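Heads up, run-v7.cif below (mmCIF, C-alpha atoms):
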```cif
data_structure
#
loop_
_atom_site.label_atom_id
_atom_site.label_comp_id
_atom_site.auth_asym_id
_atom_site.auth_seq_id
_atom_site.Cartn_x
_atom_site.Cartn_y
_atom_site.Cartn_z
CA MET A 290 -22.59 -5.72 -15.60
CA LEU A 291 -24.98 -8.59 -14.92
CA LEU A 292 -21.95 -10.83 -14.75
CA LEU A 293 -20.37 -8.52 -12.19
CA VAL A 294 -23.50 -8.54 -10.07
CA THR A 295 -23.67 -12.33 -10.25
CA PHE A 296 -20.01 -12.47 -9.32
CA HIS A 297 -20.70 -10.14 -6.41
CA ASN A 298 -23.52 -12.36 -5.19
CA PHE A 299 -21.28 -15.38 -5.55
CA LEU A 300 -18.59 -13.70 -3.46
CA THR A 301 -20.90 -12.46 -0.75
CA VAL A 302 -22.59 -15.85 -0.46
CA TYR A 303 -19.42 -17.90 -0.40
CA PHE A 304 -17.01 -15.60 1.34
CA SER A 305 -19.22 -14.65 4.22
CA ASP A 306 -18.00 -17.96 5.59
CA ILE A 307 -14.50 -18.09 6.96
CA ILE A 308 -14.17 -21.76 6.02
CA PHE A 309 -13.08 -20.85 2.51
CA ILE A 310 -10.09 -18.74 3.50
CA GLY A 311 -7.65 -21.60 3.11
CA ASP A 312 -8.90 -22.52 -0.34
CA LEU A 313 -5.99 -21.84 -2.66
CA GLN A 314 -7.95 -22.17 -5.89
CA LEU A 315 -10.54 -19.71 -4.73
CA HIS A 316 -7.71 -17.40 -3.67
CA GLU A 317 -6.34 -17.59 -7.21
CA CYS A 318 -9.78 -17.12 -8.71
CA VAL A 319 -10.46 -13.95 -6.73
CA GLY A 320 -6.90 -12.85 -7.50
CA SER A 321 -7.48 -13.16 -11.26
CA ALA A 322 -10.72 -11.21 -10.92
CA LEU A 323 -8.78 -8.52 -9.07
CA GLY A 324 -6.11 -8.53 -11.77
CA ALA A 325 -8.69 -8.23 -14.54
CA MET A 326 -10.75 -5.50 -12.89
CA GLY A 327 -8.02 -3.56 -11.16
CA PRO A 328 -8.07 -2.85 -7.41
CA GLU A 329 -10.47 0.10 -7.65
CA THR A 330 -13.35 -1.65 -9.42
CA PHE A 331 -12.70 -4.75 -7.34
CA LEU A 332 -12.92 -2.87 -4.03
CA SER A 333 -16.06 -1.04 -5.16
CA ILE A 334 -17.74 -4.42 -5.70
CA VAL A 335 -16.27 -6.37 -2.79
CA ARG A 336 -16.06 -3.95 0.10
CA LEU A 337 -13.55 -4.36 2.91
CA ASN A 338 -16.27 -3.40 5.42
CA LEU A 339 -13.81 -1.43 7.54
CA GLU A 340 -16.58 0.81 8.82
CA ALA A 341 -18.29 -2.15 10.56
CA ASN A 342 -18.44 -1.81 14.33
CA ASP A 343 -17.85 -5.51 14.77
CA LEU A 344 -14.27 -6.21 13.69
CA SER A 345 -15.16 -9.77 12.73
CA GLU A 346 -17.25 -8.36 9.87
CA VAL A 347 -14.18 -6.78 8.26
CA LYS A 348 -13.14 -8.85 5.25
CA VAL A 349 -9.56 -9.37 6.37
CA TRP A 350 -9.15 -12.33 4.01
CA LEU A 351 -9.06 -9.78 1.16
CA PHE A 352 -5.76 -8.28 2.35
CA PRO A 353 -3.43 -11.10 1.27
CA ILE A 354 -5.19 -11.31 -2.12
CA LEU A 355 -4.94 -7.54 -2.63
CA LYS A 356 -1.29 -7.65 -1.61
CA GLN A 357 -0.43 -10.47 -3.97
CA TYR A 358 -2.43 -9.58 -7.07
CA THR A 359 -2.47 -5.76 -7.23
CA VAL A 360 -0.41 -4.61 -10.19
CA GLY A 361 -0.74 -1.52 -12.40
CA GLY A 362 -3.01 0.28 -9.94
CA ARG A 363 -3.20 4.01 -9.39
CA LEU A 364 -1.06 5.67 -6.72
CA SER A 365 -3.77 8.31 -6.40
CA PHE A 366 -6.22 5.58 -5.38
CA PHE A 367 -3.90 4.74 -2.50
CA THR A 368 -3.51 8.38 -1.42
CA GLU A 369 -7.24 9.09 -1.74
CA ALA A 370 -9.04 5.92 -0.69
CA ILE A 371 -6.64 3.69 1.26
CA PHE A 372 -4.91 6.50 3.11
CA SER A 373 -8.23 7.94 4.23
CA MET A 374 -9.16 4.44 5.49
CA VAL A 375 -5.87 4.38 7.43
CA GLU A 376 -6.70 7.73 9.00
CA THR A 377 -10.23 6.68 9.95
CA MET A 378 -8.96 3.44 11.49
CA SER A 379 -6.17 5.19 13.45
CA HIS A 380 -8.74 7.67 14.72
CA LYS A 381 -11.01 4.81 15.80
CA ALA A 382 -8.09 3.05 17.51
CA GLN A 383 -7.19 6.19 19.45
CA LYS A 384 -10.80 6.55 20.55
CA VAL A 385 -10.83 2.96 21.84
CA ILE A 386 -7.58 3.52 23.75
CA PHE A 387 -9.02 6.72 25.24
CA ILE A 388 -12.19 4.94 26.43
CA ILE A 389 -10.24 2.00 27.88
CA SER A 390 -7.81 4.29 29.72
CA ARG A 391 -10.75 6.28 31.12
CA TYR A 392 -12.37 3.09 32.43
CA LEU A 393 -9.06 1.97 33.93
CA MET A 394 -8.64 5.32 35.67
CA MET A 395 -12.17 5.14 37.09
CA TYR A 396 -11.50 1.60 38.26
CA ALA A 397 -8.25 2.66 39.94
CA PHE A 398 -10.05 5.58 41.55
CA PHE A 399 -12.68 3.28 43.10
CA ILE A 400 -10.00 0.89 44.37
CA VAL A 401 -8.24 3.78 46.10
CA LEU A 402 -11.54 4.83 47.68
CA MET B 1172 -7.51 -2.11 15.04
CA ASP B 1173 -3.80 -1.34 14.80
CA SER B 1174 -3.23 -4.52 12.84
CA LEU B 1175 -5.90 -3.39 10.35
CA VAL B 1176 -4.06 -0.09 9.93
CA TYR B 1177 -0.86 -2.05 9.34
CA SER B 1178 -2.60 -4.33 6.83
CA LEU B 1179 -3.78 -1.27 4.90
CA TRP B 1180 -0.26 0.15 4.88
CA ALA B 1181 1.06 -3.22 3.74
CA LEU B 1182 -0.88 -2.71 0.48
CA LEU B 1183 1.38 0.21 -0.48
CA PRO B 1184 4.17 -1.92 -2.04
CA SER B 1185 1.56 -3.63 -4.23
CA PHE B 1186 0.21 -0.29 -5.38
CA CYS B 1187 3.78 0.73 -6.23
CA ASN B 1188 4.00 -2.31 -8.53
CA TYR B 1189 4.03 -0.74 -12.01
CA PRO B 1190 1.48 1.99 -11.18
CA VAL B 1191 -0.11 3.86 -14.06
CA ASP B 1192 -0.03 7.39 -12.64
CA THR B 1193 3.41 7.94 -11.11
CA VAL B 1194 3.89 11.18 -13.07
CA GLU B 1195 0.57 12.68 -11.94
CA SER B 1196 0.32 11.37 -8.40
CA PHE B 1197 3.74 10.72 -6.90
CA ALA B 1198 4.18 14.30 -5.69
CA ASP B 1199 1.12 13.92 -3.44
CA LEU B 1200 2.14 10.48 -2.25
CA GLY B 1201 5.70 11.66 -1.57
CA ARG B 1202 4.42 14.51 0.58
CA ILE B 1203 2.19 12.16 2.58
CA LEU B 1204 4.99 9.60 2.99
CA CYS B 1205 7.40 12.27 4.31
CA GLY B 1206 4.87 13.17 7.00
CA VAL B 1207 4.09 9.56 7.87
CA LEU B 1208 7.78 8.58 8.06
CA GLN B 1209 8.31 11.23 10.72
CA THR B 1210 5.30 10.30 12.84
CA GLN B 1211 4.71 6.56 12.44
CA ALA B 1212 7.81 4.47 13.02
CA GLU B 1213 6.04 1.16 12.34
CA THR B 1214 5.53 2.04 8.67
CA HIS B 1215 9.23 2.65 7.88
CA GLY B 1216 9.86 -0.83 6.47
CA ILE B 1217 6.80 -0.75 4.24
CA ILE B 1218 7.49 2.72 2.88
CA CYS B 1219 11.13 1.87 2.18
CA ALA B 1220 10.10 -1.32 0.37
CA SER B 1221 7.56 0.62 -1.70
CA LEU B 1222 10.04 3.33 -2.71
CA ASN B 1223 12.56 0.62 -3.58
CA ILE B 1224 10.04 -1.09 -5.86
CA LEU B 1225 9.10 2.18 -7.58
CA ILE B 1226 12.68 3.27 -8.22
CA GLN B 1227 14.00 -0.18 -9.07
CA GLN B 1228 11.29 -1.04 -11.60
CA ASN B 1229 11.64 2.27 -13.46
CA LYS B 1230 15.42 2.05 -13.30
CA GLU B 1231 15.39 -1.41 -14.84
CA VAL B 1232 13.15 -0.27 -17.71
CA VAL B 1233 15.32 2.78 -18.40
CA GLU B 1234 18.48 0.67 -18.35
CA GLY B 1235 16.83 -1.66 -20.86
CA LYS B 1236 16.69 -4.71 -18.64
CA GLU B 1237 14.11 -7.19 -19.89
CA VAL B 1238 11.26 -7.86 -17.52
CA PRO B 1239 10.53 -11.59 -17.65
CA THR B 1240 6.87 -11.83 -18.68
CA ASN B 1241 6.65 -15.43 -19.83
CA ASP B 1242 4.94 -16.85 -16.77
CA ALA B 1243 3.49 -13.56 -15.53
CA SER B 1244 -0.24 -13.01 -15.07
CA PRO B 1245 -2.18 -11.13 -17.80
CA ALA B 1246 -2.54 -8.16 -15.43
CA MET B 1247 1.23 -8.09 -14.92
CA GLN B 1248 1.86 -8.31 -18.66
CA ARG B 1249 -0.55 -5.45 -19.30
CA ALA B 1250 1.09 -3.32 -16.62
CA THR B 1251 4.65 -3.94 -17.81
CA ALA B 1252 3.70 -3.37 -21.46
CA ARG B 1253 2.79 0.21 -20.55
CA TYR B 1254 6.31 0.80 -19.23
CA ASP B 1255 8.56 1.77 -22.09
CA SER B 1256 11.82 3.65 -21.55
CA GLN B 1257 10.18 7.06 -22.16
CA HIS B 1258 7.43 6.40 -19.64
CA ALA B 1259 9.96 5.18 -17.07
CA ALA B 1260 12.23 8.18 -17.66
CA ALA B 1261 9.28 10.53 -17.06
CA ASN B 1262 8.48 8.60 -13.86
CA LEU B 1263 12.07 8.87 -12.65
CA LYS B 1264 12.03 12.60 -13.31
CA VAL B 1265 9.05 13.04 -10.98
CA LEU B 1266 10.56 10.68 -8.41
CA ARG B 1267 13.77 12.71 -8.53
CA LEU B 1268 11.91 15.90 -7.61
CA CYS B 1269 10.80 14.32 -4.32
CA ALA B 1270 14.09 12.49 -3.73
CA PRO B 1271 15.92 15.25 -1.76
CA LYS B 1272 13.12 15.58 0.80
CA LEU B 1273 12.67 11.83 1.20
CA LEU B 1274 16.43 11.37 1.39
CA ASP B 1275 16.63 14.00 4.11
CA VAL B 1276 13.89 12.40 6.22
CA LEU B 1277 15.16 8.85 5.68
CA SER B 1278 18.79 9.58 6.47
CA ARG B 1279 17.73 11.33 9.67
CA ILE B 1280 15.68 8.27 10.65
CA PHE B 1281 18.53 5.96 9.66
CA HIS B 1282 20.95 7.84 11.91
CA GLU B 1283 18.52 7.95 14.81
CA CYS B 1284 17.53 4.27 14.69
CA SER B 1285 20.07 1.82 15.93
CA LYS B 1286 18.76 -1.01 13.78
CA ASP B 1287 18.03 -1.02 10.07
CA ASP B 1288 14.40 -2.05 9.72
CA GLY B 1289 14.63 -3.63 6.32
CA GLY B 1290 15.68 -1.90 3.17
CA SER B 1291 16.18 1.65 4.45
CA LEU B 1292 19.85 1.52 3.49
CA GLN B 1293 18.88 0.21 0.07
CA VAL B 1294 16.32 2.97 -0.42
CA ILE B 1295 18.86 5.63 0.61
CA LYS B 1296 21.22 4.16 -1.97
CA ASN B 1297 18.46 4.21 -4.60
CA LEU B 1298 17.47 7.79 -3.77
CA ARG B 1299 21.11 8.90 -3.97
CA TRP B 1300 21.34 7.25 -7.38
CA LEU B 1301 18.13 9.05 -8.33
CA ALA B 1302 19.47 12.42 -7.16
CA GLY B 1303 22.50 11.91 -9.39
CA TYR B 1304 20.33 10.64 -12.23
CA SER B 1305 19.99 14.07 -13.86
CA ILE B 1306 23.76 14.34 -14.26
CA THR B 1307 24.00 11.04 -16.08
CA LEU B 1308 20.95 11.98 -18.15
CA HIS B 1309 22.23 15.34 -19.41
CA ARG B 1310 25.77 14.27 -20.04
#
```

Any chance you could give the structure as structure tokens?
Amino acid sequence: MLLLVTFHNFLTVYFSDIIFIGDLQLHECVGSALGAMGPETFLSIVRLNLEANDLSEVKVWLFPILKQYTVGGRLSFFTEAIFSMVETMSHKAQKVIFIISRYLMMYAFFIVL
Amino acid sequence: MDSLVYSLWALLPSFCNYPVDTVESFADLGRILCGVLQTQAETHGIICASLNILIQQNKEVVEGKEVPTNDASPAMQRATARYDSQHAAANLKVLRLCAPKLLDVLSRIFHECSKDDGGSLQVIKNLRWLAGYSITLHR
């Protein structure tokens, strides 16, 4: 467990920087960790941060690693966790579109006036 | 935001890579996928690819094809070791239960869309094989 926490600290310290995205060895290293732990434990330690308001805080660099190294996971994890993330994100996206369209309509209204 | 949703969906084929709980969980996933296929056109390719992986991998194990594990990662070796012919046959049985509904939705989409967005023809072929699987099994 201590090792996991240390690993977590290591990841949060090093991966908060985007500079390391291109590092292939690190990609492989995180991939092996994902393979050893399984996607569920991995994602509970290294969060995707999808709930962040600022989209730049979302750990998008995790997606290619998850895609490449996930094997022998649980389908129920996808239906429960990932699918609910999809729904939350789609809901958020619709909200953004609604707000933008409302602003555009107001803007058009003032132009007409 | 939409690209994030797409990235999340793009993880589905990886989760269909030798999953451990096809028997217990595919019914739920199948139901969700049927709904999503009808409402979200952009996910067609991903869902077809995922179904192809699921059916193909189990089919290969049942037919006794050797999965090359020499240069595979330890995680891959562990996952494939769990798949013996009995396990794969049980998986295919569950997949077959959902096959008619998926086949119905997918063939409708295939007829409506003018272009084949990657693998939908292949998945229809696989699902048809799956639907006929019981006949070959009981013979």

Select, as an NGL selection string, those residues of chain A with any atom no more than 12 Å from chain B (distances computed using all atoms listed in the file). :A and (317 or 320-329 or 337-345 or 347-386)

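Restricting the calculation to all atoms listed in the file, the smallest distance between Leu1273 (chain B) and any of B:Asn1223, B:Ile1295, B:Val1233, B:Pro1239 is found for B:Ile1295.
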
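The space between CA of Leu1263 (chain B) and CA of Asn1229 (chain B) spans 6.7 Å.
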
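CA of Lys1264 (chain B) is positioned 23.7 Å from CA of Arg1279 (chain B).
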
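Coordinates place CA of Ala1243 (chain B) at a distance of 22.7 Å from CA of Gln1257 (chain B).
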
Save region 303-388 of chain A from what I just supplied, as an mmCIF file, in the first residue's frame, atoms limited to C-alpha atoms.
```
data_model
loop_
_atom_site.group_PDB
_atom_site.id
_atom_site.type_symbol
_atom_site.label_atom_id
_atom_site.label_comp_id
_atom_site.auth_asym_id
_atom_site.auth_seq_id
_atom_site.Cartn_x
_atom_site.Cartn_y
_atom_site.Cartn_z
ATOM 1 C CA TYR A 303 5.686 14.059 -12.636
ATOM 2 C CA PHE A 304 2.555 13.898 -14.703
ATOM 3 C CA SER A 305 1.102 17.207 -13.672
ATOM 4 C CA ASP A 306 3.502 18.499 -16.300
ATOM 5 C CA ILE A 307 2.550 18.027 -19.904
ATOM 6 C CA ILE A 308 6.211 17.856 -20.947
ATOM 7 C CA PHE A 309 6.340 14.150 -20.176
ATOM 8 C CA ILE A 310 3.528 13.108 -22.506
ATOM 9 C CA GLY A 311 5.887 12.228 -25.326
ATOM 10 C CA ASP A 312 8.102 10.083 -23.143
ATOM 11 C CA LEU A 313 7.725 6.575 -24.496
ATOM 12 C CA GLN A 314 9.449 4.822 -21.607
ATOM 13 C CA LEU A 315 7.244 6.523 -19.084
ATOM 14 C CA HIS A 316 4.252 5.577 -21.239
ATOM 15 C CA GLU A 317 5.357 1.949 -21.048
ATOM 16 C CA CYS A 318 6.028 2.210 -17.326
ATOM 17 C CA VAL A 319 2.553 3.543 -16.569
ATOM 18 C CA GLY A 320 1.168 0.945 -18.988
ATOM 19 C CA SER A 321 2.805 -1.908 -17.057
ATOM 20 C CA ALA A 322 1.456 -0.494 -13.805
ATOM 21 C CA LEU A 323 -1.999 -0.421 -15.391
ATOM 22 C CA GLY A 324 -1.559 -3.997 -16.602
ATOM 23 C CA ALA A 325 -0.467 -5.189 -13.169
ATOM 24 C CA MET A 326 -3.182 -3.387 -11.220
ATOM 25 C CA GLY A 327 -6.035 -3.629 -13.674
ATOM 26 C CA PRO A 328 -7.927 -0.565 -14.935
ATOM 27 C CA GLU A 329 -10.154 -0.254 -11.859
ATOM 28 C CA THR A 330 -7.440 -0.013 -9.205
ATOM 29 C CA PHE A 331 -5.375 2.114 -11.564
ATOM 30 C CA LEU A 332 -8.177 4.638 -12.133
ATOM 31 C CA SER A 333 -8.951 4.773 -8.408
ATOM 32 C CA ILE A 334 -5.343 5.841 -7.777
ATOM 33 C CA VAL A 335 -4.763 8.041 -10.824
ATOM 34 C CA ARG A 336 -7.996 9.887 -11.429
ATOM 35 C CA LEU A 337 -8.992 11.166 -14.851
ATOM 36 C CA ASN A 338 -10.236 14.401 -13.231
ATOM 37 C CA LEU A 339 -13.203 14.608 -15.605
ATOM 38 C CA GLU A 340 -15.215 16.537 -13.042
ATOM 39 C CA ALA A 341 -12.752 19.476 -13.190
ATOM 40 C CA ASN A 342 -14.291 22.682 -14.478
ATOM 41 C CA ASP A 343 -11.112 23.575 -16.309
ATOM 42 C CA LEU A 344 -10.737 21.093 -19.165
ATOM 43 C CA SER A 345 -6.956 21.463 -19.106
ATOM 44 C CA GLU A 346 -6.951 19.728 -15.715
ATOM 45 C CA VAL A 347 -8.418 16.545 -17.226
ATOM 46 C CA LYS A 348 -5.680 13.928 -17.537
ATOM 47 C CA VAL A 349 -6.199 13.291 -21.237
ATOM 48 C CA TRP A 350 -2.739 11.720 -21.540
ATOM 49 C CA LEU A 351 -4.177 8.703 -19.685
ATOM 50 C CA PHE A 352 -6.546 7.817 -22.541
ATOM 51 C CA PRO A 353 -3.973 6.387 -24.983
ATOM 52 C CA ILE A 354 -2.351 4.387 -22.158
ATOM 53 C CA LEU A 355 -5.723 3.023 -21.009
ATOM 54 C CA LYS A 356 -6.590 2.171 -24.595
ATOM 55 C CA GLN A 357 -3.347 0.361 -25.247
ATOM 56 C CA TYR A 358 -2.797 -1.518 -21.997
ATOM 57 C CA THR A 359 -6.269 -2.455 -20.725
ATOM 58 C CA VAL A 360 -6.719 -6.209 -20.943
ATOM 59 C CA GLY A 361 -8.787 -8.598 -18.821
ATOM 60 C CA GLY A 362 -10.873 -5.806 -17.307
ATOM 61 C CA ARG A 363 -14.476 -6.052 -16.211
ATOM 62 C CA LEU A 364 -17.277 -5.158 -18.624
ATOM 63 C CA SER A 365 -19.359 -4.155 -15.609
ATOM 64 C CA PHE A 366 -16.739 -1.527 -14.749
ATOM 65 C CA PHE A 367 -17.325 -0.009 -18.172
ATOM 66 C CA THR A 368 -21.119 -0.051 -17.823
ATOM 67 C CA GLU A 369 -21.025 1.308 -14.259
ATOM 68 C CA ALA A 370 -18.111 3.738 -14.113
ATOM 69 C CA ILE A 371 -17.114 4.740 -17.654
ATOM 70 C CA PHE A 372 -20.637 4.881 -19.029
ATOM 71 C CA SER A 373 -21.764 7.112 -16.177
ATOM 72 C CA MET A 374 -18.770 9.380 -16.962
ATOM 73 C CA VAL A 375 -19.940 9.475 -20.600
ATOM 74 C CA GLU A 376 -23.421 10.489 -19.495
ATOM 75 C CA THR A 377 -22.146 13.206 -17.157
ATOM 76 C CA MET A 378 -19.880 14.612 -19.869
ATOM 77 C CA SER A 379 -22.640 14.577 -22.527
ATOM 78 C CA HIS A 380 -24.905 16.347 -20.064
ATOM 79 C CA LYS A 381 -22.220 18.968 -19.429
ATOM 80 C CA ALA A 382 -21.666 19.413 -23.182
ATOM 81 C CA GLN A 383 -25.380 19.962 -23.771
ATOM 82 C CA LYS A 384 -25.446 22.540 -20.995
ATOM 83 C CA VAL A 385 -22.542 24.429 -22.598
ATOM 84 C CA ILE A 386 -24.264 24.385 -25.995
ATOM 85 C CA PHE A 387 -27.470 25.646 -24.377
ATOM 86 C CA ILE A 388 -25.665 28.554 -22.675
#
```
